[in-house]
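See below for model_26.tsv, which holds TSV, C-alpha atoms.
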```tsv
chain	number	residue	atom	x	y	z
A	1	MET	CA	-19.49	4.20	7.69
A	2	LYS	CA	-17.18	2.86	5.02
A	3	HIS	CA	-15.88	4.98	2.17
A	4	HIS	CA	-16.39	3.65	-1.35
A	5	ILE	CA	-14.39	4.31	-4.49
A	6	PRO	CA	-16.54	4.59	-7.64
A	7	CYS	CA	-16.58	1.38	-9.69
A	8	HIS	CA	-16.67	1.03	-13.48
A	9	PRO	CA	-18.87	-1.93	-14.59
A	10	ALA	CA	-16.95	-2.43	-17.83
A	11	LEU	CA	-13.88	-3.39	-15.84
A	12	GLY	CA	-15.72	-6.33	-14.30
A	13	VAL	CA	-16.44	-7.62	-17.79
A	14	ALA	CA	-12.76	-7.40	-18.64
A	15	LEU	CA	-11.93	-9.47	-15.59
A	16	ALA	CA	-14.42	-12.16	-16.53
A	17	LEU	CA	-12.55	-12.54	-19.81
A	18	THR	CA	-9.15	-12.80	-18.13
A	19	VAL	CA	-8.85	-14.05	-14.55
A	20	LEU	CA	-11.91	-16.28	-14.58
A	21	MET	CA	-11.38	-17.90	-17.95
A	22	GLY	CA	-9.58	-20.73	-16.20
A	23	CYS	CA	-12.52	-21.54	-13.93
A	24	GLY	CA	-13.53	-25.13	-14.50
A	25	THR	CA	-11.07	-27.20	-12.46
A	26	GLY	CA	-13.19	-27.31	-9.32
A	27	GLU	CA	-13.09	-23.61	-8.47
A	28	GLU	CA	-16.30	-21.71	-7.96
A	29	ARG	CA	-16.81	-18.14	-9.01
A	30	ARG	CA	-17.44	-15.62	-6.24
A	31	THR	CA	-16.93	-11.99	-5.31
A	32	PHE	CA	-15.69	-10.25	-2.19
A	33	PRO	CA	-14.98	-6.62	-1.20
A	34	VAL	CA	-11.42	-5.36	-0.85
A	35	GLU	CA	-10.96	-2.52	1.63
A	36	VAL	CA	-8.03	-0.41	2.76
A	37	THR	CA	-7.22	1.09	6.14
A	38	ALA	CA	-4.06	2.19	7.95
A	39	ARG	CA	-2.24	1.71	11.23
A	40	PRO	CA	-0.93	5.02	12.64
A	41	MET	CA	2.71	5.58	13.46
A	42	THR	CA	3.55	5.84	17.15
A	43	GLY	CA	6.84	6.82	18.71
A	44	ALA	CA	10.02	8.08	17.07
A	45	ASN	CA	11.42	6.63	13.87
A	46	GLU	CA	14.93	5.23	13.50
A	47	HIS	CA	16.39	8.75	13.13
A	48	GLY	CA	14.66	10.11	16.24
A	49	TRP	CA	11.78	11.91	14.51
A	50	THR	CA	8.24	11.68	15.84
A	51	VAL	CA	5.73	12.31	13.06
A	52	THR	CA	2.29	13.83	13.37
A	53	LEU	CA	0.39	13.44	10.12
A	54	GLU	CA	-2.15	15.99	8.95
A	55	SER	CA	-3.09	13.94	5.90
A	56	ALA	CA	-2.04	10.76	4.11
A	57	HIS	CA	-3.41	9.67	0.74
A	58	ALA	CA	-2.54	7.00	-1.78
A	59	SER	CA	-3.64	6.15	-5.30
A	60	MET	CA	-4.52	2.44	-5.17
A	61	GLY	CA	-5.61	-0.23	-7.60
A	62	PRO	CA	-5.69	-2.54	-9.38
A	63	VAL	CA	-5.22	-5.31	-6.81
A	64	ARG	CA	-4.52	-8.83	-8.04
A	65	PHE	CA	-4.55	-11.99	-5.92
A	66	PHE	CA	-2.42	-15.02	-6.80
A	67	GLU	CA	-1.90	-18.57	-5.61
A	68	GLY	CA	1.88	-18.20	-5.22
A	69	ARG	CA	3.21	-17.94	-1.68
A	70	VAL	CA	5.93	-15.57	-0.55
A	71	LEU	CA	9.30	-16.72	0.70
A	72	LEU	CA	11.93	-14.25	1.90
A	73	SER	CA	15.27	-15.18	0.42
A	74	ARG	CA	18.19	-15.53	2.82
A	75	ARG	CA	20.22	-13.19	0.64
A	76	TRP	CA	17.77	-10.32	1.17
A	77	ARG	CA	17.30	-11.05	4.87
A	78	ASP	CA	21.04	-10.81	5.41
A	79	PHE	CA	21.84	-7.83	3.20
A	80	ASP	CA	20.21	-4.71	1.87
A	81	TRP	CA	22.26	-2.00	0.17
A	82	TYR	CA	20.19	0.64	1.92
A	83	THR	CA	21.80	-0.35	5.23
A	84	LEU	CA	25.06	1.07	3.85
A	85	VAL	CA	23.62	4.58	4.14
A	86	GLY	CA	22.12	4.10	7.56
A	87	GLY	CA	18.75	2.62	6.70
A	88	THR	CA	16.94	-0.46	7.90
A	89	ALA	CA	16.61	-3.39	5.52
A	90	SER	CA	13.18	-3.85	4.00
A	91	ALA	CA	11.33	-7.03	3.12
A	92	HIS	CA	11.90	-8.40	-0.36
A	93	PRO	CA	10.11	-11.46	-1.73
A	94	GLY	CA	12.65	-14.08	-2.71
A	95	HIS	CA	12.02	-16.96	-5.13
A	96	TYR	CA	8.52	-15.59	-5.62
A	97	VAL	CA	6.41	-17.03	-8.43
A	98	PRO	CA	2.89	-15.52	-8.55
A	99	GLY	CA	1.27	-18.57	-10.15
A	100	ASP	CA	-2.33	-18.44	-11.29
A	101	ALA	CA	-4.43	-15.32	-10.79
A	102	LEU	CA	-7.41	-16.00	-8.50
A	103	ALA	CA	-9.03	-12.59	-8.03
A	104	GLU	CA	-8.77	-9.04	-9.25
A	105	VAL	CA	-10.05	-5.57	-8.45
A	106	LEU	CA	-9.56	-3.27	-11.42
A	107	THR	CA	-10.78	-0.09	-9.73
A	108	THR	CA	-8.29	2.72	-9.14
A	109	GLY	CA	-9.03	5.49	-6.68
A	110	THR	CA	-7.69	7.79	-3.99
A	111	VAL	CA	-7.64	6.34	-0.49
A	112	ASP	CA	-7.64	8.53	2.62
A	113	LEU	CA	-5.37	6.63	4.97
A	114	MET	CA	-6.50	8.71	7.95
A	115	ALA	CA	-10.20	8.00	7.46
A	116	PRO	CA	-11.89	6.63	10.60
A	117	ALA	CA	-13.31	3.65	8.69
A	118	PRO	CA	-11.84	1.46	5.95
A	119	THR	CA	-12.23	2.56	2.34
A	120	VAL	CA	-13.78	-0.02	0.02
A	121	LEU	CA	-11.52	-0.10	-3.01
A	122	GLY	CA	-13.83	-2.33	-5.02
A	123	GLU	CA	-15.41	-5.74	-5.45
A	124	ALA	CA	-13.05	-8.54	-6.40
A	125	ASN	CA	-14.21	-10.91	-9.11
A	126	ALA	CA	-12.69	-14.16	-7.99
A	127	VAL	CA	-12.63	-17.92	-7.82
A	128	THR	CA	-12.34	-20.12	-4.75
A	129	GLY	CA	-8.96	-21.66	-4.07
A	130	ASP	CA	-5.71	-21.54	-2.13
A	131	TYR	CA	-4.58	-17.91	-2.02
A	132	GLY	CA	-0.96	-17.06	-1.28
A	133	SER	CA	-0.19	-13.46	-2.20
A	134	LEU	CA	-1.28	-10.30	-3.91
A	135	GLU	CA	0.07	-7.52	-6.09
A	136	LEU	CA	-0.83	-3.93	-5.24
A	137	THR	CA	-0.53	-1.13	-7.78
A	138	LEU	CA	-0.06	2.44	-6.58
A	139	PRO	CA	-0.33	4.35	-9.86
A	140	VAL	CA	0.19	8.03	-10.48
A	141	ALA	CA	-3.09	9.82	-9.76
A	142	THR	CA	-5.14	11.17	-12.64
A	143	GLY	CA	-8.00	13.64	-12.87
A	144	THR	CA	-10.38	10.69	-12.99
A	145	SER	CA	-8.97	8.74	-10.04
A	146	ASP	CA	-8.26	11.84	-7.92
A	147	ALA	CA	-10.91	14.40	-8.83
A	148	GLN	CA	-10.13	16.54	-5.76
A	149	GLY	CA	-6.41	16.72	-6.54
A	150	LEU	CA	-5.42	15.41	-3.12
A	151	LEU	CA	-2.37	13.62	-4.51
A	152	ASN	CA	-1.11	16.49	-6.66
A	153	GLY	CA	-0.50	14.09	-9.55
A	154	HIS	CA	1.48	11.54	-7.51
A	155	ALA	CA	0.92	8.04	-6.16
A	156	VAL	CA	1.47	8.84	-2.48
A	157	ARG	CA	1.28	12.05	-0.48
A	158	VAL	CA	1.89	12.57	3.24
A	159	ARG	CA	1.71	15.93	5.01
A	160	GLY	CA	2.48	16.80	8.60
A	161	GLU	CA	5.09	17.78	11.15
A	162	ALA	CA	8.15	15.89	12.36
A	163	ILE	CA	9.77	16.72	15.71
A	164	HIS	CA	13.21	15.42	16.60
A	165	THR	CA	14.23	14.31	20.07
A	166	ASP	CA	16.49	17.39	20.20
A	167	GLY	CA	13.53	19.72	19.57
A	168	ARG	CA	13.98	20.50	15.87
A	169	LYS	CA	10.74	20.72	13.87
A	170	VAL	CA	10.10	20.22	10.17
A	171	ARG	CA	6.78	20.75	8.44
A	172	PHE	CA	6.68	18.59	5.34
A	173	ASP	CA	4.76	17.60	2.24
A	174	GLY	CA	6.15	14.31	0.96
A	175	GLN	CA	5.09	13.02	-2.46
A	176	ALA	CA	6.26	9.85	-4.17
A	177	ASP	CA	5.75	7.65	-7.22
A	178	LEU	CA	6.60	3.98	-7.65
A	179	PRO	CA	8.27	2.51	-10.74
A	180	LYS	CA	6.18	-0.66	-10.69
A	181	PRO	CA	3.48	-2.54	-8.72
A	182	ILE	CA	4.35	-3.98	-5.31
A	183	GLU	CA	4.60	-7.74	-5.80
A	184	GLY	CA	4.66	-10.52	-3.26
A	185	ILE	CA	2.49	-9.15	-0.46
A	186	ARG	CA	1.55	-12.06	1.75
A	187	PHE	CA	-2.07	-13.24	1.91
A	188	GLU	CA	-2.43	-16.92	2.75
A	189	ARG	CA	-5.93	-18.35	2.91
A	190	GLU	CA	-7.92	-21.27	1.58
A	191	LEU	CA	-10.86	-19.28	0.31
A	192	GLY	CA	-14.22	-20.91	-0.25
A	193	THR	CA	-17.61	-19.32	-0.55
A	194	GLU	CA	-17.76	-17.97	3.01
A	195	ALA	CA	-18.89	-14.38	3.53
A	196	GLY	CA	-16.16	-11.87	4.22
A	197	ARG	CA	-13.81	-9.28	2.81
A	198	ALA	CA	-10.10	-8.77	2.31
A	199	ARG	CA	-8.62	-5.90	4.31
A	200	ILE	CA	-5.30	-4.27	3.40
A	201	THR	CA	-3.81	-2.42	6.39
A	202	VAL	CA	-1.05	0.06	5.57
A	203	ASP	CA	1.54	0.35	8.33
A	204	LEU	CA	2.45	4.04	8.24
A	205	ALA	CA	5.43	3.42	10.52
A	206	LYS	CA	6.96	1.39	7.69
A	207	TRP	CA	6.37	4.24	5.25
A	208	LEU	CA	7.89	6.91	7.50
A	209	GLY	CA	10.29	4.94	9.68
A	210	ARG	CA	13.43	5.43	7.56
A	211	ILE	CA	13.11	9.15	6.89
A	212	ASP	CA	15.69	11.58	8.26
A	213	PHE	CA	13.67	14.78	8.13
A	214	SER	CA	16.81	16.90	8.52
A	215	THR	CA	17.42	16.20	4.81
A	216	VAL	CA	14.11	17.84	3.84
A	217	GLY	CA	15.32	21.39	4.51
A	218	SER	CA	15.96	23.91	7.24
A	219	PRO	CA	14.15	23.13	10.49
A	220	ASP	CA	12.02	25.51	12.54
A	221	THR	CA	11.04	27.69	9.57
A	222	ASP	CA	7.30	27.02	9.95
A	223	THR	CA	7.23	26.65	6.17
A	224	VAL	CA	5.88	23.48	4.58
A	225	GLN	CA	8.75	21.87	2.68
A	226	THR	CA	8.60	19.24	-0.05
A	227	PHE	CA	11.16	16.45	-0.22
A	228	PRO	CA	14.07	17.32	-2.55
A	229	ALA	CA	14.27	14.85	-5.43
A	230	ALA	CA	17.66	13.36	-4.57
A	231	SER	CA	17.37	13.60	-0.79
A	232	GLN	CA	17.57	10.82	1.75
A	233	ALA	CA	14.01	11.71	2.75
A	234	GLN	CA	12.65	11.15	-0.75
A	235	ASN	CA	14.51	7.88	-1.20
A	236	ALA	CA	13.47	6.66	2.25
A	237	LEU	CA	9.80	7.42	1.58
A	238	VAL	CA	9.86	5.46	-1.68
A	239	ARG	CA	11.66	2.58	0.02
A	240	GLY	CA	9.08	2.54	2.79
A	241	VAL	CA	6.13	2.52	0.41
A	242	GLU	CA	7.74	-0.27	-1.63
A	243	ASP	CA	8.34	-2.46	1.44
A	244	THR	CA	6.00	-5.45	1.24
A	245	SER	CA	5.91	-5.67	5.05
A	246	ALA	CA	4.14	-2.29	5.10
A	247	TYR	CA	0.97	-4.08	3.97
A	248	VAL	CA	-0.82	-6.56	6.20
A	249	VAL	CA	-3.66	-8.37	4.44
A	250	THR	CA	-6.30	-10.16	6.48
A	251	TRP	CA	-9.64	-11.81	5.87
A	252	VAL	CA	-12.51	-10.29	7.85
A	253	GLU	CA	-15.31	-12.79	8.38
A	254	GLY	CA	-18.95	-11.96	7.83
A	255	GLY	CA	-20.90	-9.51	5.74
A	256	ALA	CA	-20.55	-5.75	5.59
A	257	PRO	CA	-20.88	-4.14	9.04
```
Now, as a test, write the supplied structure out as C-alpha cells.
Amino acid sequence: MKHHIPCHPALGVALALTVLMGCGTGEERRTFPVEVTARPMTGANEHGWTVTLESAHASMGPVRFFEGRVLLSRRWRDFDWYTLVGGTASAHPGHYVPGDALAEVLTTGTVDLMAPAPTVLGEANAVTGDYGSLELTLPVATGTSDAQGLLNGHAVRVRGEAIHTDGRKVRFDGQADLPKPIEGIRFERELGTEAGRARITVDLAKWLGRIDFSTVGSPDTDTVQTFPAASQAQNALVRGVEDTSAYVVTWVEGGAP
C-alpha cells in the first residue's frame, strides 16, 4: 500500500495559472503522480563506517519538472573543494538552463524513506513534452507539513548506529537543512499521455557515504549524539543530501498498483 501526503486543492489552481499558462503550442494538459522511495545503504562508507538506520525522514516538495537537460561540466568532474578535506566529489550540474516548466507538484510533506512502499508526494499538473530535469525542494518542516514532529523542525533527519571496521560504535541523530532547492536532477523522457508515474528514488548511500562518524562525538557511549554544527559529519550530511546523483528519477509505466 502506498503512503499519501495530504493535498491542498488551492495549490492546483495556482499551478494552472502559472506552469500551464503556456499550453497552446501543441502540448496537451495531463496529470501524473509523483512518488518517493529510497534505496538502502549497504556496506561500509568511504571512512569505514557501516550504517544501520532506525529511521530516515525528509521534508519534500514542491517538485518542478523542466525541459532543460543536465550536463556535468568538466570543471566540476575534475575538481571539488571537498576532496581537499578527504571527501569524494559530488555531482554538480554544469551549464544547466532549466528552460520551460512542464509540470509541478506544490504539495509539501514528510516522507518516510524507510517505508516499505513508495510515498505519493502529490499529483503533478503537467503538459506533454520533452522532459529533461527537475528541481526538488527539501524545505524546513513546519507544524503543517510534519504534524508528528518527526523532523524536529529540520529538512532531513536520519537516526541509527554506525559501526567502524575497527569496532567503534556511534549512535547518532543527524539533522540537516538546505540553503536552496536541489536543481538539475536528471529526468529525460518524451512524455505523452501514457499512463504512469514519476518515481524519485533517494540513494541513502549518497547521503551517508561521506560521513566520518568519529567527528560526531565519543564512540561506545550508548548515548544518541547529534551532529555538531561545524563538524565534518554535519557538513558531509549536507553535501550528500545536496548531491544531485543521490536522486534517481524514473518513469513507471501503467496505472497505480
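Nearest residue to A:Pro219 among A:Val238, A:Leu134, A:Val170, A:Ala141 is A:Val170, counting all atoms listed in the file.
In terms of minimum interatomic distance to A:Arg69, A:His95 ranks closest within A:Arg39, A:His47, A:His95, A:Lys206, counting only C-alpha atoms.
You will find atom CA of A:Thr250 at 26.5 Å from atom CA of A:Leu151.
The residue that comes closest to A:Val252, out of A:Phe213, A:Leu150, A:Arg189, A:Thr128 and on the basis of only C-alpha atoms, is A:Arg189.
Interatomic distance, atom CA of A:Ser55 against atom CA of A:Thr119: 15.0 Å.
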Find the distance between atom CA of A:Lys169 and atom CA of A:Val51 and write it in Å to one decimal.
-> 9.8 Å
Within 7 Å of A:Asp112 using all atoms listed in the file, minus same-chain residues under 6 positions, as a PyMOL selection string | chain A and resi 56-58
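The neighbours of stretch 98-106 of chain A here are the residues that come within 6 Å of it, using only C-alpha atoms and leaving out any residue fewer than 2 positions away in the same chain; they are Val19, Pro62, Val63, Arg64, Phe65, Phe66, Glu67, Gly68, Ala124, Asn125, Ala126 and Val127 of chain A.
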Residues from the last selection, C-alpha atoms, saved as a short mmCIF file (atom, residue, chain, number, x, y, z; two decimals), in the coordinates of the input:
```
data_model
loop_
_atom_site.label_atom_id
_atom_site.label_comp_id
_atom_site.auth_asym_id
_atom_site.auth_seq_id
_atom_site.Cartn_x
_atom_site.Cartn_y
_atom_site.Cartn_z
CA VAL A 19 -8.85 -14.05 -14.55
CA PRO A 62 -5.69 -2.54 -9.38
CA VAL A 63 -5.22 -5.31 -6.81
CA ARG A 64 -4.52 -8.83 -8.04
CA PHE A 65 -4.55 -11.99 -5.92
CA PHE A 66 -2.42 -15.02 -6.80
CA GLU A 67 -1.90 -18.57 -5.61
CA GLY A 68 1.88 -18.20 -5.22
CA ALA A 124 -13.05 -8.54 -6.40
CA ASN A 125 -14.21 -10.91 -9.11
CA ALA A 126 -12.69 -14.16 -7.99
CA VAL A 127 -12.63 -17.92 -7.82
#
```
Would you list the contacts of A:Gly109 as a PyMOL selection string, taking every protein, DNA or RNA residue within 9 Å and counting all atoms listed in the file, but skipping same-chain residues closer than 2 positions in sequence?
-> chain A and resi 5-6+58-61+107+111+121+141+144-146
Write out as a short mmCIF file (atom, residue, chain, number, x, y, z; two decimals) with C-alpha atoms, keeping the file's coordinate frame the residues lying within 12 Å of A:Asp222, counting only C-alpha atoms and excluding same-chain residues fewer than 6 positions away.
```cif
data_model
loop_
_atom_site.label_atom_id
_atom_site.label_comp_id
_atom_site.auth_asym_id
_atom_site.auth_seq_id
_atom_site.Cartn_x
_atom_site.Cartn_y
_atom_site.Cartn_z
CA GLY A 160 2.48 16.80 8.60
CA GLU A 161 5.09 17.78 11.15
CA ALA A 162 8.15 15.89 12.36
CA ARG A 168 13.98 20.50 15.87
CA LYS A 169 10.74 20.72 13.87
CA VAL A 170 10.10 20.22 10.17
CA ARG A 171 6.78 20.75 8.44
CA PHE A 172 6.68 18.59 5.34
#
```
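Restricting the calculation to all atoms listed in the file, the smallest distance between A:Thr201 and any of A:Gly48, A:Gly143, A:Trp251, A:Gln225 is found for A:Trp251.
With all atoms listed in the file as the atoms that count, the minimum distance from A:Gly132 to the choices A:Ile200, A:Leu191, A:Leu237, A:Val34 is reached by A:Leu191.
The residue that comes closest to A:Val249, out of A:Arg159, A:Arg199, A:Lys180, A:His164 and on the basis of all atoms listed in the file, is A:Arg199.
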Mind giving me the axis-aligned box for stretch 26-44 of chain A with 6 Å on every side, centre plus edges in Å to one decimal, as JSON?
```
{"center_x": -3.7, "center_y": -9.6, "center_z": 4.7, "size_x": 39.5, "size_y": 47.4, "size_z": 40.0}
```
